[in-house]
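For reference, entry_1.tsv is printed below; it contains TSV, C-alpha atoms and all ligand atoms.
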```
chain	number	residue	atom	x	y	z
A	111	MET	CA	7.75	-5.45	-0.56
A	112	ILE	CA	9.73	-6.99	-3.31
A	113	ASN	CA	13.42	-7.18	-2.74
A	114	SER	CA	15.09	-4.28	-4.45
A	115	THR	CA	17.32	-6.56	-6.46
A	116	THR	CA	15.14	-6.82	-9.51
A	117	HIS	CA	13.97	-10.26	-10.38
A	118	GLU	CA	14.76	-11.23	-13.91
A	119	PHE	CA	12.49	-13.69	-15.55
A	120	SER	CA	12.72	-15.16	-18.97
A	121	LEU	CA	9.47	-14.35	-20.72
A	122	GLU	CA	10.39	-16.84	-23.38
A	123	ALA	CA	10.74	-19.62	-20.86
A	124	LEU	CA	7.55	-18.61	-19.07
A	125	ARG	CA	5.55	-18.54	-22.28
A	126	ALA	CA	7.00	-21.83	-23.39
A	127	GLY	CA	5.53	-23.34	-20.25
A	128	ASP	CA	8.75	-23.73	-18.27
A	129	ARG	CA	7.42	-24.90	-14.89
A	130	SER	CA	10.53	-24.18	-12.96
A	131	GLU	CA	10.65	-20.60	-14.20
A	132	PHE	CA	7.00	-20.18	-13.29
A	133	ALA	CA	7.71	-21.55	-9.81
A	134	ARG	CA	10.42	-18.92	-9.44
A	135	LEU	CA	7.96	-16.25	-10.47
A	136	VAL	CA	5.44	-17.50	-7.93
A	137	ASP	CA	8.03	-17.43	-5.17
A	138	ALA	CA	9.10	-13.92	-6.06
A	139	TYR	CA	5.63	-12.38	-6.07
A	140	SER	CA	3.44	-14.47	-3.83
A	141	ALA	CA	4.29	-12.59	-0.62
A	142	PRO	CA	3.40	-9.10	-1.89
A	143	ILE	CA	0.30	-10.38	-3.66
A	144	TYR	CA	-0.90	-12.19	-0.56
A	145	ARG	CA	-0.27	-9.03	1.44
A	146	LEU	CA	-2.27	-6.98	-1.06
A	147	GLY	CA	-5.14	-9.43	-0.66
A	148	LEU	CA	-4.91	-9.25	3.12
A	149	LYS	CA	-4.91	-5.47	3.17
A	150	MET	CA	-7.75	-5.18	0.69
A	151	LEU	CA	-9.98	-7.88	2.15
A	152	SER	CA	-8.84	-8.12	5.78
A	153	ASN	CA	-9.30	-11.84	5.81
A	154	PRO	CA	-6.70	-14.60	5.28
A	155	GLN	CA	-9.06	-16.90	3.40
A	156	ASP	CA	-9.95	-14.16	0.90
A	157	ALA	CA	-6.31	-13.19	0.60
A	158	GLU	CA	-5.47	-16.78	-0.26
A	159	ASP	CA	-8.19	-16.82	-2.91
A	160	VAL	CA	-6.76	-13.65	-4.43
A	161	LEU	CA	-3.31	-15.20	-4.40
A	162	GLN	CA	-4.35	-18.47	-6.03
A	163	ASN	CA	-6.61	-16.85	-8.59
A	164	THR	CA	-3.92	-14.40	-9.55
A	165	PHE	CA	-1.45	-17.10	-10.49
A	166	LEU	CA	-4.07	-19.35	-12.06
A	167	ASN	CA	-5.05	-16.40	-14.22
A	168	ALA	CA	-1.46	-15.57	-14.96
A	169	LEU	CA	-0.88	-19.14	-16.07
A	170	LEU	CA	-3.94	-18.97	-18.28
A	171	HIS	CA	-2.96	-15.69	-19.95
A	172	LEU	CA	0.77	-16.04	-20.09
A	173	ALA	CA	0.59	-16.81	-23.77
A	174	ASP	CA	-1.14	-13.48	-24.48
A	175	PHE	CA	1.25	-11.47	-22.38
A	176	GLU	CA	3.30	-9.43	-24.80
A	177	GLY	CA	5.72	-7.95	-22.34
A	178	ARG	CA	4.73	-4.36	-22.99
A	179	SER	CA	4.60	-3.81	-19.26
A	180	SER	CA	6.90	-5.47	-16.78
A	181	VAL	CA	5.95	-8.88	-15.41
A	182	SER	CA	5.55	-7.22	-12.03
A	183	THR	CA	3.04	-4.65	-13.33
A	184	TRP	CA	1.17	-7.38	-15.16
A	185	LEU	CA	0.90	-9.58	-12.06
A	186	TYR	CA	-0.14	-6.71	-9.83
A	187	ARG	CA	-2.80	-5.78	-12.36
A	188	ILE	CA	-4.26	-9.28	-12.28
A	189	ALA	CA	-4.05	-9.32	-8.49
A	190	SER	CA	-5.73	-5.95	-8.01
A	191	ASN	CA	-8.54	-6.96	-10.36
A	192	GLU	CA	-9.00	-10.21	-8.45
A	193	ALA	CA	-9.15	-8.34	-5.15
A	194	LEU	CA	-11.65	-5.76	-6.42
A	195	MET	CA	-13.82	-8.45	-7.97
A	196	LEU	CA	-13.90	-10.38	-4.74
A	197	ILE	CA	-14.81	-7.24	-2.81
A	198	ARG	CA	-17.65	-6.52	-5.19
A	199	ARG	CA	-18.90	-10.07	-4.96
A	200	LYS	CA	-18.85	-9.94	-1.20
A	201	LYS	CA	-20.61	-6.61	-1.16
A	202	ALA	CA	-23.39	-7.99	-3.30
A	203	ASN	CA	-23.82	-10.72	-0.72
A	204	PHE	CA	-23.48	-8.68	2.44
A	205	SER	CA	-24.47	-5.17	1.48
A	206	ILE	CA	-25.01	-4.00	5.05
A	207	GLU	CA	-21.75	-5.32	6.36
A	208	ASP	CA	-19.58	-2.72	4.76
A	209	MET	CA	-21.22	0.58	5.34
A	210	GLN	CA	-18.13	2.69	5.28
A	211	PRO	CA	-19.04	6.13	4.05
A	212	GLU	CA	-17.56	6.45	0.58
A	213	ASP	CA	-15.54	9.60	0.62
A	214	SER	CA	-16.93	12.43	-1.39
A	215	ASP	CA	-14.82	14.77	-3.43
A	216	ASP	CA	-14.37	17.05	-0.46
A	217	GLU	CA	-11.10	18.82	-0.13
A	218	VAL	CA	-8.80	16.99	2.22
A	219	MET	CA	-8.46	19.34	5.12
A	220	PRO	CA	-6.39	18.34	8.11
A	221	GLU	CA	-8.30	18.77	11.34
A	222	THR	CA	-6.11	17.31	14.03
A	223	PHE	CA	-2.93	19.15	14.87
A	224	VAL	CA	-1.08	17.13	17.45
A	225	ASP	CA	2.54	16.29	16.77
A	226	TRP	CA	2.85	12.66	17.79
A	227	SER	CA	5.62	11.99	15.27
A	228	LEU	CA	8.33	11.89	17.94
A	229	LEU	CA	6.67	9.31	20.14
A	230	PRO	CA	9.03	6.36	20.54
A	231	GLU	CA	8.78	3.65	17.90
A	232	ASN	CA	7.96	0.90	20.40
A	233	GLU	CA	4.97	2.91	21.52
A	234	LEU	CA	3.80	3.69	18.00
A	235	LEU	CA	4.21	0.09	16.94
A	236	SER	CA	2.90	-1.60	20.06
A	237	GLU	CA	0.43	-4.42	19.42
A	238	GLU	CA	-2.40	-1.98	20.00
A	239	GLY	CA	-0.74	0.61	17.80
A	240	LYS	CA	-0.41	-1.89	14.96
A	241	ARG	CA	-4.05	-2.76	15.29
A	242	ALA	CA	-4.93	0.92	15.05
A	243	ILE	CA	-2.87	1.21	11.87
A	244	ASP	CA	-4.52	-1.87	10.34
A	245	SER	CA	-7.94	-0.62	11.21
A	246	ALA	CA	-7.21	2.80	9.75
A	247	ILE	CA	-6.10	1.20	6.46
A	248	LYS	CA	-9.10	-1.10	6.48
A	249	HIS	CA	-11.47	1.83	6.71
A	250	LEU	CA	-10.13	3.67	3.70
A	251	PRO	CA	-12.50	3.54	0.74
A	252	GLU	CA	-11.30	0.81	-1.66
A	253	SER	CA	-10.35	3.19	-4.43
A	254	LEU	CA	-7.98	4.97	-2.07
A	255	ARG	CA	-6.84	1.85	-0.27
A	256	MET	CA	-5.61	0.13	-3.41
A	257	VAL	CA	-3.55	3.13	-4.45
A	258	PHE	CA	-2.17	3.48	-0.96
A	259	ILE	CA	-1.20	-0.21	-0.74
A	260	LEU	CA	0.64	-0.20	-4.03
A	261	ARG	CA	2.41	3.10	-3.52
A	262	ASP	CA	3.09	3.28	0.20
A	263	ILE	CA	3.10	-0.31	1.39
A	264	GLU	CA	4.61	-2.01	-1.64
A	265	ASP	CA	6.65	1.06	-2.49
A	266	LEU	CA	5.82	1.09	-6.19
A	267	SER	CA	6.19	4.32	-8.14
A	268	ILE	CA	3.30	6.63	-9.06
A	269	LYS	CA	3.87	5.62	-12.67
A	270	GLU	CA	3.72	1.89	-11.98
A	271	THR	CA	0.69	2.29	-9.72
A	272	ALA	CA	-1.07	4.21	-12.48
A	273	GLU	CA	-0.21	1.51	-15.00
A	274	ILE	CA	-1.44	-1.28	-12.76
A	275	LEU	CA	-4.76	0.38	-12.01
A	276	ASN	CA	-5.23	1.89	-15.42
A	277	LEU	CA	-5.48	5.39	-13.97
A	278	SER	CA	-3.78	8.62	-14.91
A	279	GLU	CA	-0.79	9.62	-12.78
A	280	THR	CA	-2.70	12.73	-11.70
A	281	ASN	CA	-5.55	10.58	-10.49
A	282	VAL	CA	-3.16	8.33	-8.58
A	283	LYS	CA	-1.58	11.37	-6.93
A	284	THR	CA	-4.96	12.74	-5.89
A	285	ARG	CA	-6.03	9.43	-4.40
A	286	LEU	CA	-2.71	8.97	-2.69
A	287	LEU	CA	-2.95	12.37	-1.03
A	288	ARG	CA	-6.50	11.66	0.13
A	289	ALA	CA	-5.49	8.29	1.49
A	290	ARG	CA	-2.49	9.66	3.32
A	291	MET	CA	-4.48	12.51	4.83
A	292	ALA	CA	-7.28	10.22	5.91
A	293	LEU	CA	-4.81	7.86	7.60
A	294	ARG	CA	-3.00	10.76	9.19
A	295	GLU	CA	-6.26	11.98	10.71
A	296	LYS	CA	-7.10	8.55	12.08
A	297	LEU	CA	-3.65	7.98	13.51
A	298	SER	CA	-3.54	11.51	14.92
A	299	ALA	CA	-6.78	10.87	16.75
A	300	TYR	CA	-5.37	7.62	18.09
A	301	TYR	CA	-1.81	8.61	18.99
A	302	GLY	CA	-2.80	12.14	19.94
A	303	GLU	CA	-4.68	10.80	22.93
A	304	ARG	CA	-1.54	9.08	24.05
A	305	ASN	CA	0.61	12.13	23.61
A	306	PRO	CA	1.19	14.02	26.85
A	307	ARG	CA	2.53	17.03	24.98
A	308	LYS	CA	-0.61	18.48	23.49
A	309	GLU	CA	0.06	22.12	24.22
A	310	LYS	CA	1.69	24.39	21.68
A	311	GLU	CA	5.35	25.17	21.94
B	171	MET	CA	-2.73	32.57	15.32
B	172	SER	CA	0.26	33.91	13.50
B	173	ALA	CA	0.11	36.23	10.55
B	174	HIS	CA	0.79	33.62	7.88
B	175	SER	CA	-1.66	33.45	5.05
B	176	HIS	CA	-4.02	30.53	5.01
B	177	GLU	CA	-3.72	30.34	1.24
B	178	ASN	CA	-0.16	29.15	1.63
B	179	CYS	CA	-1.36	26.31	3.82
B	180	GLN	CA	-3.79	25.27	1.10
B	181	ALA	CA	-1.07	25.41	-1.52
B	182	LEU	CA	1.23	23.35	0.63
B	183	LEU	CA	-1.42	20.72	1.14
B	184	GLY	CA	-1.75	20.35	-2.61
B	185	THR	CA	1.93	19.51	-2.98
B	186	LEU	CA	2.30	17.68	0.32
B	187	SER	CA	2.66	14.18	-1.12
B	188	GLU	CA	5.24	15.22	-3.66
B	189	TYR	CA	7.11	17.26	-1.08
B	190	ILE	CA	7.28	14.29	1.27
B	191	ASP	CA	8.33	11.96	-1.53
B	192	GLY	CA	11.11	14.35	-2.50
B	193	GLU	CA	9.71	14.90	-5.96
B	194	LEU	CA	9.54	18.69	-5.99
B	195	PRO	CA	12.14	21.01	-7.53
B	196	ALA	CA	14.55	22.60	-5.07
B	197	ASP	CA	13.16	26.14	-5.32
B	198	LEU	CA	9.67	24.95	-4.47
B	199	CYS	CA	11.05	22.97	-1.52
B	200	LYS	CA	12.73	26.11	-0.24
B	201	GLU	CA	9.48	28.02	-0.42
B	202	ILE	CA	7.69	25.27	1.44
B	203	GLU	CA	10.36	25.11	4.11
B	204	LYS	CA	10.08	28.83	4.59
B	205	HIS	CA	6.37	28.49	5.12
B	206	LEU	CA	6.90	25.58	7.53
B	207	GLU	CA	9.20	27.68	9.68
B	208	GLY	CA	6.38	30.06	10.40
B	209	CYS	CA	3.42	27.70	10.42
B	210	GLU	CA	3.18	25.17	13.20
B	211	ASN	CA	0.08	23.47	11.90
B	212	CYS	CA	1.62	22.72	8.52
B	213	ARG	CA	4.76	21.53	10.25
B	214	ILE	CA	2.70	19.09	12.27
B	215	VAL	CA	0.87	17.89	9.18
B	216	VAL	CA	4.16	17.27	7.35
B	217	ASN	CA	5.77	15.49	10.33
B	218	THR	CA	2.82	13.27	11.11
B	219	THR	CA	2.13	12.42	7.47
B	220	ARG	CA	5.74	11.36	7.04
B	221	ARG	CA	5.53	9.27	10.18
B	222	THR	CA	2.26	7.73	9.08
B	223	ILE	CA	3.89	6.45	5.90
B	224	ASP	CA	6.92	5.10	7.81
B	225	LEU	CA	4.72	3.29	10.28
B	226	VAL	CA	2.59	1.67	7.65
B	227	GLN	CA	5.64	0.37	5.83
B	228	ALA	CA	7.56	-0.79	8.89
B	229	PRO	CA	5.63	-3.89	9.93
B	230	GLN	CA	5.03	-5.10	6.38
B	231	GLN	CA	8.51	-5.61	5.15
B	232	SER	CA	9.29	-8.63	7.26
B	233	GLU	CA	6.04	-10.42	6.51
B	234	ALA	CA	6.77	-13.58	4.59
B	235	LEU	CA	4.19	-15.83	3.01
B	236	PRO	CA	2.99	-18.41	5.55
B	237	ASP	CA	4.35	-21.87	4.68
B	238	ASP	CA	0.94	-23.53	4.55
B	239	VAL	CA	-0.36	-20.84	2.19
B	240	ARG	CA	2.63	-21.39	-0.07
B	241	GLU	CA	2.15	-25.13	-0.03
B	242	ARG	CA	-1.52	-24.91	-1.00
B	243	LEU	CA	-0.69	-22.41	-3.72
B	244	PHE	CA	1.96	-24.66	-5.25
B	245	LYS	CA	-0.38	-27.64	-5.15
B	246	ARG	CA	-3.16	-25.65	-6.77
B	247	LEU	CA	-0.79	-24.66	-9.55
B	248	ASN	CA	0.51	-28.21	-9.96
B	249	LEU	CA	3.93	-27.06	-8.95
B	250	ASP	CA	4.33	-29.63	-6.16
B	251	THR	CA	7.68	-30.73	-7.48
B	252	TYR	CA	9.09	-27.25	-6.92
B	253	LEU	CA	7.84	-26.85	-3.36
B	254	ARG	CA	11.23	-27.61	-1.89
B	255	GLU	CA	13.21	-25.46	-4.22
B	256	LYS	CA	12.51	-22.20	-2.52
B	257	LEU	CA	15.18	-19.69	-3.47
B	258	SER	CA	17.44	-19.44	-0.49
B	259	ASN	CA	17.13	-15.84	0.53
B	260	GLY	CA	19.23	-15.75	3.63
B	261	GLN	CA	16.51	-16.88	6.00
B	262	GLY	CA	17.86	-19.24	8.59
B	263	GLY	CA	15.87	-22.33	9.65
A	401	ZN	ZN	0.63	26.58	6.87
```

As structure tokens, please, write out the structure in this file.
Ligand SMILES: [Zn+2]
Amino acid sequence: MINSTTHEFSLEALRAGDRSEFARLVDAYSAPIYRLGLKMLSNPQDAEDVLQNTFLNALLHLADFEGRSSVSTWLYRIASNEALMLIRRKKANFSIEDMQPEDSDDEVMPETFVDWSLLPENELLSEEGKRAIDSAIKHLPESLRMVFILRDIEDLSIKETAEILNLSETNVKTRLLRARMALREKLSAYYGERNPRKEKE
Amino acid sequence: MSAHSHENCQALLGTLSEYIDGELPADLCKEIEKHLEGCENCRIVVNTTRRTIDLVQAPQQSEALPDDVRERLFKRLNLDTYLREKLSNGQGG
């Protein structure tokens, strides 16, 4: 997540090829972009490719960037395109590998009703718990995962997420709800088994 | 099963994200809270969805870019000269 103190960058300097300003930009956004790559592709090498390609592309297109969106939105847009392109390329190569059932337009109906929300944090975030969370994210369909990463992991607004992905805000909200419900189901199945208090109050 | 109407559960589900994100008007929130008082299942869904979002955010925030990844990135971008000038952001060592 980007530090809440907003980074100010001089577009003028960036477009004029100011290397030091560009280095500042790289330092400000490389962590969240690398993280986005990791979450989308689940592989450090691919995440590094996304990271490098994002900034190479940014460098290449800086001159065309008119500043109609924020630098942050612009960079995230390049990064999300890079990640999706890489996923598509990998799928073309290994079509069997990734046979996650693409979610249909089914209504999102909760099915598991176990309240594990009060389990202690150290239990929820144990090494095994963290792996369960990562795996749940990894198994979201890409179209939901990207929205979820931007909104809930990177804490961007619905509006900014919509701008980055070129989607309507309504569409982002729908995907976000689906993603959250799908994760909730997965985590409920996982933590629910560890919850001794299954009976109703 | 209590006497609450299932339609209300459906309606709540539709606004769940916005409710959790605090983006609903106060009167709607009140209505939802009234429903939650009488509906355990919806209460569980709200609680666990909230927690799910917390948990997903929690481990991420401290994750910095690995040093070797940063170094390769800077080299790839011909920014070698700026490798050492990392903005000091309060990280010790
Ligand atoms: Zn209900």

Nearest candidate to Arg221 of chain B (options A:Leu229, A:Ile268, A:Ile263, A:Leu151; using all atoms listed in the file): A:Leu229

Of the candidates B:Lys200, B:Arg246, B:Arg254, B:His205, which shows the shortest atom-to-atom distance to ligand ZN 401 (chain A), using all atoms listed in the file?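 Between B:Lys200, B:Arg246, B:Arg254, B:His205, the residue approaching ligand ZN 401 (chain A) most closely is B:His205.
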
So what do you get for atom CA of Leu146 of chain A versus atom CA of Asp224 of chain B, distance-wise?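 Those two atoms sit 17.6 Å apart.
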
So, with all atoms listed in the file as the atoms that count, which of A:Leu266, A:Phe223, A:Pro154, A:Leu275 lies closest to ligand ZN 401 (chain A)?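 Closest residue, counting all atoms listed in the file: A:Phe223.
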
Restrict the calculation to only C-alpha atoms, then for each residue of chain B with any atom at most 8 Å from an atom of chain A give the closest atom pair and their distance in Å to one decimal, rows by chain and rising residue number, as JSON lines.
```
{"residue": "B:Leu186", "atom": "CA", "partner": "A:Leu287", "partner_atom": "CA", "distance": 7.6}
{"residue": "B:Ser187", "atom": "CA", "partner": "A:Leu287", "partner_atom": "CA", "distance": 5.9}
{"residue": "B:Asn211", "atom": "CA", "partner": "A:Phe223", "partner_atom": "CA", "distance": 6.0}
{"residue": "B:Ile214", "atom": "CA", "partner": "A:Asp225", "partner_atom": "CA", "distance": 5.3}
{"residue": "B:Val215", "atom": "CA", "partner": "A:Phe223", "partner_atom": "CA", "distance": 7.0}
{"residue": "B:Asn217", "atom": "CA", "partner": "A:Ser227", "partner_atom": "CA", "distance": 6.1}
{"residue": "B:Thr218", "atom": "CA", "partner": "A:Ser227", "partner_atom": "CA", "distance": 5.2}
{"residue": "B:Thr219", "atom": "CA", "partner": "A:Arg294", "partner_atom": "CA", "distance": 5.7}
{"residue": "B:Arg221", "atom": "CA", "partner": "A:Ser227", "partner_atom": "CA", "distance": 5.8}
{"residue": "B:Thr222", "atom": "CA", "partner": "A:Arg294", "partner_atom": "CA", "distance": 6.1}
{"residue": "B:Ile223", "atom": "CA", "partner": "A:Asp262", "partner_atom": "CA", "distance": 6.6}
{"residue": "B:Leu225", "atom": "CA", "partner": "A:Leu235", "partner_atom": "CA", "distance": 7.4}
{"residue": "B:Val226", "atom": "CA", "partner": "A:Ile263", "partner_atom": "CA", "distance": 6.6}
{"residue": "B:Gln227", "atom": "CA", "partner": "A:Ile263", "partner_atom": "CA", "distance": 5.2}
{"residue": "B:Gln230", "atom": "CA", "partner": "A:Ile263", "partner_atom": "CA", "distance": 7.2}
{"residue": "B:Gln231", "atom": "CA", "partner": "A:Met111", "partner_atom": "CA", "distance": 5.8}
{"residue": "B:Glu233", "atom": "CA", "partner": "A:Ala141", "partner_atom": "CA", "distance": 7.7}
{"residue": "B:Ala234", "atom": "CA", "partner": "A:Ala141", "partner_atom": "CA", "distance": 5.9}
{"residue": "B:Leu235", "atom": "CA", "partner": "A:Ala141", "partner_atom": "CA", "distance": 4.9}
{"residue": "B:Val239", "atom": "CA", "partner": "A:Glu158", "partner_atom": "CA", "distance": 7.0}
{"residue": "B:Arg240", "atom": "CA", "partner": "A:Ser140", "partner_atom": "CA", "distance": 7.9}
{"residue": "B:Leu243", "atom": "CA", "partner": "A:Gln162", "partner_atom": "CA", "distance": 5.9}
{"residue": "B:Phe244", "atom": "CA", "partner": "A:Ala133", "partner_atom": "CA", "distance": 8.0}
{"residue": "B:Arg246", "atom": "CA", "partner": "A:Gln162", "partner_atom": "CA", "distance": 7.3}
{"residue": "B:Leu247", "atom": "CA", "partner": "A:Leu166", "partner_atom": "CA", "distance": 6.7}
{"residue": "B:Leu249", "atom": "CA", "partner": "A:Ala133", "partner_atom": "CA", "distance": 6.7}
{"residue": "B:Tyr252", "atom": "CA", "partner": "A:Ala133", "partner_atom": "CA", "distance": 6.5}
{"residue": "B:Lys256", "atom": "CA", "partner": "A:Asp137", "partner_atom": "CA", "distance": 7.1}
{"residue": "B:Leu257", "atom": "CA", "partner": "A:Arg134", "partner_atom": "CA", "distance": 7.7}
```

Selection file, C-alpha atoms, as an mmCIF file, in the frame of the given file:
```cif
data_model
loop_
_atom_site.group_PDB
_atom_site.id
_atom_site.type_symbol
_atom_site.label_atom_id
_atom_site.label_comp_id
_atom_site.auth_asym_id
_atom_site.auth_seq_id
_atom_site.Cartn_x
_atom_site.Cartn_y
_atom_site.Cartn_z
ATOM 1 C CA LEU B 186 2.300 17.680 0.320
ATOM 2 C CA SER B 187 2.660 14.180 -1.120
ATOM 3 C CA ASN B 211 0.080 23.470 11.900
ATOM 4 C CA ILE B 214 2.700 19.090 12.270
ATOM 5 C CA VAL B 215 0.870 17.890 9.180
ATOM 6 C CA ASN B 217 5.770 15.490 10.330
ATOM 7 C CA THR B 218 2.820 13.270 11.110
ATOM 8 C CA THR B 219 2.130 12.420 7.470
ATOM 9 C CA ARG B 221 5.530 9.270 10.180
ATOM 10 C CA THR B 222 2.260 7.730 9.080
ATOM 11 C CA ILE B 223 3.890 6.450 5.900
ATOM 12 C CA LEU B 225 4.720 3.290 10.280
ATOM 13 C CA VAL B 226 2.590 1.670 7.650
ATOM 14 C CA GLN B 227 5.640 0.370 5.830
ATOM 15 C CA GLN B 230 5.030 -5.100 6.380
ATOM 16 C CA GLN B 231 8.510 -5.610 5.150
ATOM 17 C CA GLU B 233 6.040 -10.420 6.510
ATOM 18 C CA ALA B 234 6.770 -13.580 4.590
ATOM 19 C CA LEU B 235 4.190 -15.830 3.010
ATOM 20 C CA VAL B 239 -0.360 -20.840 2.190
ATOM 21 C CA ARG B 240 2.630 -21.390 -0.070
ATOM 22 C CA LEU B 243 -0.690 -22.410 -3.720
ATOM 23 C CA PHE B 244 1.960 -24.660 -5.250
ATOM 24 C CA ARG B 246 -3.160 -25.650 -6.770
ATOM 25 C CA LEU B 247 -0.790 -24.660 -9.550
ATOM 26 C CA LEU B 249 3.930 -27.060 -8.950
ATOM 27 C CA TYR B 252 9.090 -27.250 -6.920
ATOM 28 C CA LYS B 256 12.510 -22.200 -2.520
ATOM 29 C CA LEU B 257 15.180 -19.690 -3.470
#
```

Test item: residues no farther than 12 Å from ligand ZN 401 (chain A), counting all atoms listed in the file, as a JSON list (two decimals) with C-alpha atoms, in the coordinates of the input:
```json
[["chain", "number", "residue", "atom", "x", "y", "z"],
["A", 219, "MET", "CA", -8.46, 19.34, 5.12],
["A", 220, "PRO", "CA", -6.39, 18.34, 8.11],
["A", 223, "PHE", "CA", -2.93, 19.15, 14.87],
["B", 171, "MET", "CA", -2.73, 32.57, 15.32],
["B", 172, "SER", "CA", 0.26, 33.91, 13.50],
["B", 173, "ALA", "CA", 0.11, 36.23, 10.55],
["B", 174, "HIS", "CA", 0.79, 33.62, 7.88],
["B", 175, "SER", "CA", -1.66, 33.45, 5.05],
["B", 176, "HIS", "CA", -4.02, 30.53, 5.01],
["B", 177, "GLU", "CA", -3.72, 30.34, 1.24],
["B", 178, "ASN", "CA", -0.16, 29.15, 1.63],
["B", 179, "CYS", "CA", -1.36, 26.31, 3.82],
["B", 180, "GLN", "CA", -3.79, 25.27, 1.10],
["B", 181, "ALA", "CA", -1.07, 25.41, -1.52],
["B", 182, "LEU", "CA", 1.23, 23.35, 0.63],
["B", 183, "LEU", "CA", -1.42, 20.72, 1.14],
["B", 184, "GLY", "CA", -1.75, 20.35, -2.61],
["B", 186, "LEU", "CA", 2.30, 17.68, 0.32],
["B", 201, "GLU", "CA", 9.48, 28.02, -0.42],
["B", 202, "ILE", "CA", 7.69, 25.27, 1.44],
["B", 203, "GLU", "CA", 10.36, 25.11, 4.11],
["B", 204, "LYS", "CA", 10.08, 28.83, 4.59],
["B", 205, "HIS", "CA", 6.37, 28.49, 5.12],
["B", 206, "LEU", "CA", 6.90, 25.58, 7.53],
["B", 207, "GLU", "CA", 9.20, 27.68, 9.68],
["B", 208, "GLY", "CA", 6.38, 30.06, 10.40],
["B", 209, "CYS", "CA", 3.42, 27.70, 10.42],
["B", 210, "GLU", "CA", 3.18, 25.17, 13.20],
["B", 211, "ASN", "CA", 0.08, 23.47, 11.90],
["B", 212, "CYS", "CA", 1.62, 22.72, 8.52],
["B", 213, "ARG", "CA", 4.76, 21.53, 10.25],
["B", 214, "ILE", "CA", 2.70, 19.09, 12.27],
["B", 215, "VAL", "CA", 0.87, 17.89, 9.18],
["B", 216, "VAL", "CA", 4.16, 17.27, 7.35]]
```

Quick check, in Å to one decimal: how far apart do atom CA of Ile197 of chain A and atom CA of Glu273 of chain A lie?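 The value is 20.9 Å.
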
Mind giving me the straight-line distance from atom CA of Lys248 of chain A to atom CA of Ser182 of chain A in Å, one decimal?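 Rounded to one decimal, the two atoms are 24.4 Å apart.
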
Env of Leu172 of chain A: 9 Å cut, atoms = all atoms listed in the file, seq-sep filter 6 positions within chain, self excluded. Answer as an mmCIF file with C-alpha atoms, keeping the file's coordinate frame.
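out-v7.cif, freshly written:
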```cif
data_model
loop_
_atom_site.group_PDB
_atom_site.id
_atom_site.type_symbol
_atom_site.label_atom_id
_atom_site.label_comp_id
_atom_site.auth_asym_id
_atom_site.auth_seq_id
_atom_site.Cartn_x
_atom_site.Cartn_y
_atom_site.Cartn_z
ATOM 1 C CA LEU A 121 9.470 -14.350 -20.720
ATOM 2 C CA LEU A 124 7.550 -18.610 -19.070
ATOM 3 C CA ARG A 125 5.550 -18.540 -22.280
ATOM 4 C CA GLY A 127 5.530 -23.340 -20.250
#
```

Who sits within 6 Å of segment 249-257 of chain A, all atoms listed in the file, same chain under 3 positions skipped, as a ChimeraX atom specification: /A:212,246,260,285,289

Restricting the calculation to all atoms listed in the file: of A:Gly147, A:Ser267, A:Phe175, A:Asn276, which residue gets closest to Glu193 of chain B? A:Ser267

Should you be able to, write segment 209-216 of chain B of this structure into a file that contains N, CA, C and O atoms, as a compact mmCIF listing (two decimals), in the first residue's frame.
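Final output, result.txt:
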```txt
# COMPACT_ATOMS: atom_id res chain seq x y z
N CYS B 209 -31.23 -11.39 12.47
CA CYS B 209 -30.85 -12.42 11.50
C CYS B 209 -29.41 -12.84 11.73
O CYS B 209 -28.46 -12.16 11.34
N GLU B 210 -29.25 -13.99 12.33
CA GLU B 210 -27.90 -14.42 12.69
C GLU B 210 -27.04 -14.68 11.46
O GLU B 210 -25.85 -14.33 11.44
N ASN B 211 -27.63 -15.30 10.47
CA ASN B 211 -26.84 -15.62 9.28
C ASN B 211 -26.25 -14.37 8.62
O ASN B 211 -25.08 -14.34 8.25
N CYS B 212 -27.05 -13.34 8.49
CA CYS B 212 -26.54 -12.11 7.88
C CYS B 212 -25.47 -11.48 8.78
O CYS B 212 -24.50 -10.91 8.29
N ARG B 213 -25.69 -11.59 10.08
CA ARG B 213 -24.70 -11.05 11.01
C ARG B 213 -23.36 -11.75 10.80
O ARG B 213 -22.30 -11.12 10.76
N ILE B 214 -23.42 -13.05 10.66
CA ILE B 214 -22.19 -13.81 10.44
C ILE B 214 -21.54 -13.41 9.11
O ILE B 214 -20.32 -13.21 9.04
N VAL B 215 -22.36 -13.24 8.09
CA VAL B 215 -21.79 -12.86 6.79
C VAL B 215 -21.11 -11.50 6.88
O VAL B 215 -19.99 -11.31 6.38
N VAL B 216 -21.74 -10.55 7.56
CA VAL B 216 -21.14 -9.22 7.71
C VAL B 216 -19.83 -9.31 8.49
O VAL B 216 -18.79 -8.81 8.06
```
